[in-house]
Amino acid sequence: MTTEQKAITSWADKKTGEFVRKASSFRNAVSREPGSQFTPEKGRYHLFVSLACPWAHRTLIVRQLKGLESIIGFSVVHWHMGEGGWHFATPDEATSSPEIAAQPEQLTGAYYLKDLYFAANPVYDGRYTVPVLWDTKHKTICNNESSEIIRLLYTEFDDLVDAAHKNVTYYPAGLATAIDDINTWIYDTVNNGVYKAGFATTQDAYETHVLALFVALDRIEEILRTSDGPYLLGKTLTEADIRLYPTIVRFDPVYVQHFKCNIKMIRHDYPAIHKWLRHLYWDIPAFGETTNFEHIKKHYTKSHTQINPHGVTPVGPLPDIMPKDV
Ligand SMILES: N[C@@H](CCC(=O)N[C@@H](CS)C(=O)NCC(=O)O)C(=O)O
């Protein structure tokens, strides 16, 4: 690497020590509207995801909740993100975890995820992030922003899904304002908050974000404790739960130690969040089946060499998630 090149893991601002997330670049909508460039079609779209990544995790949850398994395929990158960014496993590297595992990429023949970004735009100069919603018809990226991908999955494939999944949305009109409101502060302090604490390179930046994170977790605990539940907004599972889950399921296994988010733990200190988490993981297959602790634990601890230079993955806490009945 030359001195001008930045390491793929140089995320914090040099002066302030703050991690600032860049906006996503491909923001097209799959739409049923006449004249749309990206019309919903069976087999046309493909998700590229990492099982470690909380943003990508949202899209896999919604794909399954909406019954889109036979309509939108997906490929998983290897859990290790090295200097070239995410890559697809070679046959030698392919793991065979009991659920979904990294696999050699069959669809495009890409080795690096960035190959797809350059196929979509040869002068692309942004980050090579997952998730990617790939359009196999035009061999381009339709969208790489998880918050937008999940919303188009709720509605735009409804002519193709079976009757049980039609008109099922996780962003119902009557709850839209409440969902937007909760999403805003949870994104800033929790979903992105763990990264802002973990990637901070100054004491001040770290303390600011870790304290804000735990204030937000206390607030979520109170919401769930007093909810007529079992969800954040009462009896209805919504996007607010879908967006919070990937962060909370990674919290004790990774964020507590790797991102130094260790003021409290979910399993010991937040009974209502813990109950909500275990309900989603154990009772709703779209949550449990898309959660892969091997990818989660190995990715963070072995890819972020700026935080963990020797790449040793802590064994605990064990188990990765507690059983339901404790
Ligand atoms: N705003 C994006 C963020 C996605 C994102 O940051 N993904 C991470 C993995 S958790 C990534 O691929 N990072 C690679 C990089 O920044 O080089 C979304 O929600 O879709």
# chains A, B, ... in the order shown; residues from 1 in each chain; ligands from 1

$ residues_near_ligand --ligand "ligand 1" --cutoff "10 Å" --atoms "only C-alpha atoms and all ligand atoms" --output "compact mmCIF listing (two decimals) with N, CA and C atoms, in the first residue's frame"
# COMPACT_ATOMS: atom_id res chain seq x y z
N ALA A 7 -6.03 2.79 4.14
CA ALA A 7 -6.42 1.42 4.43
C ALA A 7 -7.94 1.35 4.43
N ILE A 8 -8.48 0.18 4.03
CA ILE A 8 -9.93 0.03 3.94
C ILE A 8 -10.59 0.22 5.32
N THR A 9 -9.78 0.02 6.36
CA THR A 9 -10.33 0.17 7.71
C THR A 9 -10.06 1.55 8.34
N SER A 10 -9.51 2.53 7.56
CA SER A 10 -9.30 3.88 8.13
C SER A 10 -10.61 4.64 8.06
N TRP A 11 -11.43 4.45 9.05
CA TRP A 11 -12.76 5.04 8.99
C TRP A 11 -12.91 6.31 9.81
N ARG A 21 -20.25 7.94 8.84
CA ARG A 21 -20.69 6.99 7.80
C ARG A 21 -21.04 7.74 6.52
N LYS A 22 -20.54 7.23 5.39
CA LYS A 22 -20.82 7.89 4.08
C LYS A 22 -22.20 7.47 3.56
N ALA A 23 -22.85 8.36 2.83
CA ALA A 23 -24.16 8.03 2.25
C ALA A 23 -23.99 7.00 1.15
N SER A 24 -25.00 6.15 0.98
CA SER A 24 -24.97 5.14 -0.09
C SER A 24 -25.17 5.81 -1.45
N SER A 25 -24.71 5.14 -2.54
CA SER A 25 -24.69 5.80 -3.85
C SER A 25 -25.77 5.37 -4.83
N PHE A 26 -26.21 4.13 -4.76
CA PHE A 26 -27.20 3.64 -5.73
C PHE A 26 -28.56 3.64 -5.06
N VAL A 49 -24.98 -10.02 0.26
CA VAL A 49 -25.00 -9.68 1.69
C VAL A 49 -23.77 -10.25 2.39
N SER A 50 -23.52 -9.70 3.56
CA SER A 50 -22.63 -10.35 4.52
C SER A 50 -23.52 -10.78 5.68
N LEU A 51 -23.30 -11.99 6.18
CA LEU A 51 -24.09 -12.43 7.33
C LEU A 51 -23.63 -11.74 8.61
N ALA A 52 -22.46 -11.10 8.53
CA ALA A 52 -21.96 -10.36 9.69
C ALA A 52 -22.59 -8.98 9.79
N CYS A 53 -22.97 -8.43 8.65
CA CYS A 53 -23.33 -7.01 8.59
C CYS A 53 -24.76 -6.76 9.06
N PRO A 54 -24.95 -5.88 10.03
CA PRO A 54 -26.31 -5.63 10.53
C PRO A 54 -27.21 -4.97 9.50
N TRP A 55 -26.64 -4.16 8.59
CA TRP A 55 -27.47 -3.47 7.58
C TRP A 55 -27.96 -4.50 6.56
N ALA A 56 -27.08 -5.39 6.14
CA ALA A 56 -27.48 -6.44 5.21
C ALA A 56 -28.48 -7.39 5.87
N HIS A 57 -28.28 -7.62 7.16
CA HIS A 57 -29.14 -8.55 7.89
C HIS A 57 -30.62 -8.15 7.78
N ARG A 58 -30.87 -6.84 7.84
CA ARG A 58 -32.26 -6.36 7.69
C ARG A 58 -32.90 -6.90 6.42
N THR A 59 -32.13 -6.88 5.35
CA THR A 59 -32.72 -7.23 4.04
C THR A 59 -33.04 -8.73 3.99
N MET A 81 -13.21 -9.33 5.83
CA MET A 81 -13.08 -8.19 4.94
C MET A 81 -11.63 -7.72 4.99
N GLY A 82 -10.91 -7.97 3.89
CA GLY A 82 -9.48 -7.61 3.86
C GLY A 82 -9.25 -6.33 3.09
N GLU A 83 -8.00 -6.13 2.64
CA GLU A 83 -7.63 -4.87 1.97
C GLU A 83 -8.44 -4.59 0.70
N GLY A 84 -8.86 -5.63 0.00
CA GLY A 84 -9.65 -5.42 -1.23
C GLY A 84 -11.13 -5.29 -0.93
N GLY A 85 -11.49 -5.25 0.33
CA GLY A 85 -12.91 -5.18 0.71
C GLY A 85 -13.49 -6.59 0.79
N TRP A 86 -14.80 -6.66 0.76
CA TRP A 86 -15.49 -7.96 0.85
C TRP A 86 -15.13 -8.82 -0.37
N LEU A 113 -16.49 -8.05 -4.02
CA LEU A 113 -17.75 -7.31 -4.12
C LEU A 113 -17.54 -6.05 -4.97
N LYS A 114 -16.36 -5.45 -4.86
CA LYS A 114 -16.13 -4.19 -5.60
C LYS A 114 -16.21 -4.42 -7.11
N GLY A 126 -16.98 5.40 -4.39
CA GLY A 126 -17.50 5.32 -3.02
C GLY A 126 -17.01 4.05 -2.33
N ARG A 127 -17.64 3.70 -1.24
CA ARG A 127 -17.26 2.50 -0.51
C ARG A 127 -17.98 1.28 -1.11
N TYR A 128 -17.40 0.14 -0.90
CA TYR A 128 -17.97 -1.09 -1.47
C TYR A 128 -18.71 -1.82 -0.34
N THR A 129 -19.96 -1.41 -0.15
CA THR A 129 -20.69 -1.92 1.01
C THR A 129 -21.73 -2.97 0.64
N VAL A 130 -22.06 -3.79 1.61
CA VAL A 130 -23.23 -4.66 1.54
C VAL A 130 -24.31 -4.01 2.40
N PRO A 131 -25.56 -4.21 2.12
CA PRO A 131 -26.12 -5.04 1.06
C PRO A 131 -26.10 -4.34 -0.30
N VAL A 132 -26.15 -5.17 -1.35
CA VAL A 132 -26.31 -4.69 -2.73
C VAL A 132 -27.53 -5.40 -3.31
N LEU A 133 -28.45 -4.63 -3.85
CA LEU A 133 -29.56 -5.23 -4.61
C LEU A 133 -29.17 -5.14 -6.08
N ASN A 143 -29.87 -0.78 -5.95
CA ASN A 143 -29.87 -0.01 -4.71
C ASN A 143 -28.87 -0.62 -3.73
N ASN A 144 -28.15 0.23 -3.00
CA ASN A 144 -27.25 -0.30 -1.96
C ASN A 144 -27.49 0.35 -0.61
N GLU A 145 -28.73 0.74 -0.38
CA GLU A 145 -29.08 1.35 0.91
C GLU A 145 -30.15 0.49 1.58
N SER A 146 -29.76 -0.16 2.67
CA SER A 146 -30.64 -1.15 3.29
C SER A 146 -32.00 -0.58 3.69
N SER A 147 -32.01 0.66 4.18
CA SER A 147 -33.28 1.22 4.65
C SER A 147 -34.27 1.37 3.49
N GLU A 148 -33.74 1.58 2.29
CA GLU A 148 -34.62 1.70 1.12
C GLU A 148 -34.96 0.32 0.55
N ILE A 149 -33.99 -0.58 0.56
CA ILE A 149 -34.26 -1.93 0.03
C ILE A 149 -35.40 -2.58 0.82
N ILE A 150 -35.35 -2.49 2.15
CA ILE A 150 -36.41 -3.19 2.90
C ILE A 150 -37.78 -2.60 2.59
N TYR A 187 -31.33 4.77 14.98
CA TYR A 187 -30.23 4.74 14.00
C TYR A 187 -29.03 5.50 14.54
N ASN A 191 -27.94 1.77 16.21
CA ASN A 191 -27.45 1.06 15.01
C ASN A 191 -26.08 1.61 14.58
N ASN A 192 -26.03 2.92 14.45
CA ASN A 192 -24.77 3.55 14.07
C ASN A 192 -23.96 3.92 15.31
N TYR A 195 -21.06 1.69 16.17
CA TYR A 195 -19.90 1.93 15.29
C TYR A 195 -19.18 3.22 15.69
N ARG A 243 -35.23 -3.26 12.29
CA ARG A 243 -33.98 -2.49 12.23
C ARG A 243 -33.19 -2.56 13.53
N ILE A 296 -20.66 -13.44 12.32
CA ILE A 296 -20.69 -12.21 13.12
C ILE A 296 -19.42 -12.10 13.96
N HIS A 299 -16.07 -12.00 11.65
CA HIS A 299 -15.90 -10.81 10.80
C HIS A 299 -15.30 -9.64 11.57
N TYR A 300 -15.98 -9.25 12.64
CA TYR A 300 -15.54 -8.04 13.33
C TYR A 300 -14.13 -8.21 13.89

$ select_by_dssp --residues "segment 104-303 of chain A" --states "helix (DSSP H, G or I)" --output "PyMOL selection string"
chain A and resi 114-120+146-155+163-165+173-191+193-198+203-226+239-258+266-269+271-283+285-288+293-303

$ closest_atom_pairs --of "segment 7-124 of chain A" --to "segment 199-213 of chain A" --cutoff "6 Å" --atoms "only C-alpha atoms" --output "tab-separated table"
residue	atom	partner	partner_atom	distance
A:Gly17	CA	A:Thr201	CA	4.5
A:Glu18	CA	A:Ala200	CA	5.2
A:Phe19	CA	A:Phe199	CA	5.9

$ write_last_selection --atoms "C-alpha atoms" --output "mmCIF file, in the first residue's frame"
data_model
loop_
_atom_site.group_PDB
_atom_site.id
_atom_site.type_symbol
_atom_site.label_atom_id
_atom_site.label_comp_id
_atom_site.auth_asym_id
_atom_site.auth_seq_id
_atom_site.Cartn_x
_atom_site.Cartn_y
_atom_site.Cartn_z
ATOM 1 C CA GLY A 17 -11.361 10.715 15.945
ATOM 2 C CA GLU A 18 -15.019 10.506 14.915
ATOM 3 C CA PHE A 19 -16.443 7.787 12.634
#

$ atom_distance --atom1 "atom CA of Glu93 of chain A" --atom2 "atom CA of Arg63 of chain A"
26.2 Å

$ atom_distance --atom1 "atom CA of Glu289 of chain A" --atom2 "atom CA of His274 of chain A"
18.2 Å

$ closest_atom_pairs --of "segment 123-217 of chain A" --to "segment 224-236 of chain A" --cutoff "12 Å" --atoms "only C-alpha atoms" --output "JSON lines"
{"residue": "A:Val168", "atom": "CA", "partner": "A:Thr236", "partner_atom": "CA", "distance": 11.4}
{"residue": "A:Thr169", "atom": "CA", "partner": "A:Thr236", "partner_atom": "CA", "distance": 10.5}
{"residue": "A:Tyr170", "atom": "CA", "partner": "A:Thr236", "partner_atom": "CA", "distance": 8.5}
{"residue": "A:Tyr171", "atom": "CA", "partner": "A:Thr236", "partner_atom": "CA", "distance": 10.2}
{"residue": "A:Pro172", "atom": "CA", "partner": "A:Thr236", "partner_atom": "CA", "distance": 9.7}
{"residue": "A:Gly174", "atom": "CA", "partner": "A:Thr236", "partner_atom": "CA", "distance": 11.3}
{"residue": "A:Leu175", "atom": "CA", "partner": "A:Leu233", "partner_atom": "CA", "distance": 8.2}
{"residue": "A:Ala176", "atom": "CA", "partner": "A:Leu233", "partner_atom": "CA", "distance": 10.8}
{"residue": "A:Thr177", "atom": "CA", "partner": "A:Leu233", "partner_atom": "CA", "distance": 11.3}
{"residue": "A:Ala178", "atom": "CA", "partner": "A:Leu233", "partner_atom": "CA", "distance": 7.9}
{"residue": "A:Ile179", "atom": "CA", "partner": "A:Leu233", "partner_atom": "CA", "distance": 8.1}
{"residue": "A:Asp180", "atom": "CA", "partner": "A:Leu233", "partner_atom": "CA", "distance": 11.7}
{"residue": "A:Asp181", "atom": "CA", "partner": "A:Leu233", "partner_atom": "CA", "distance": 11.4}
{"residue": "A:Ile182", "atom": "CA", "partner": "A:Leu232", "partner_atom": "CA", "distance": 9.0}
{"residue": "A:Asn183", "atom": "CA", "partner": "A:Leu232", "partner_atom": "CA", "distance": 10.9}
{"residue": "A:Ile186", "atom": "CA", "partner": "A:Leu232", "partner_atom": "CA", "distance": 11.6}
{"residue": "A:Leu217", "atom": "CA", "partner": "A:Leu224", "partner_atom": "CA", "distance": 10.5}

$ atom_distance --atom1 "atom CA of Glu156 of chain A" --atom2 "atom CA of Leu68 of chain A"
11.1 Å

$ residues_around --residues "Ile273 of chain A" --least-positions-apart "3" --cutoff "8 Å" --atoms "only C-alpha atoms" --output "list in words"
Ile220, Glu221, Leu224, Ile266, Tyr270, Trp276 and Leu277 of chain A

$ residues_around --residues "Thr313 of chain A" --least-positions-apart "5" --cutoff "12 Å" --atoms "only C-alpha atoms" --output "PyMOL selection string"
chain A and resi 253-254+257-258+293-305+307-308

$ closest_residue --among "A:Val315, A:Leu152, A:Cys142, A:Leu116" --to "Asp252 of chain A" --atoms "only C-alpha atoms"
A:Val315

$ select_by_dssp --residues "segment 129-266 of chain A" --states "strand (DSSP E)" --output "MDAnalysis selection string"
chainID A and resid 132:135 140:143
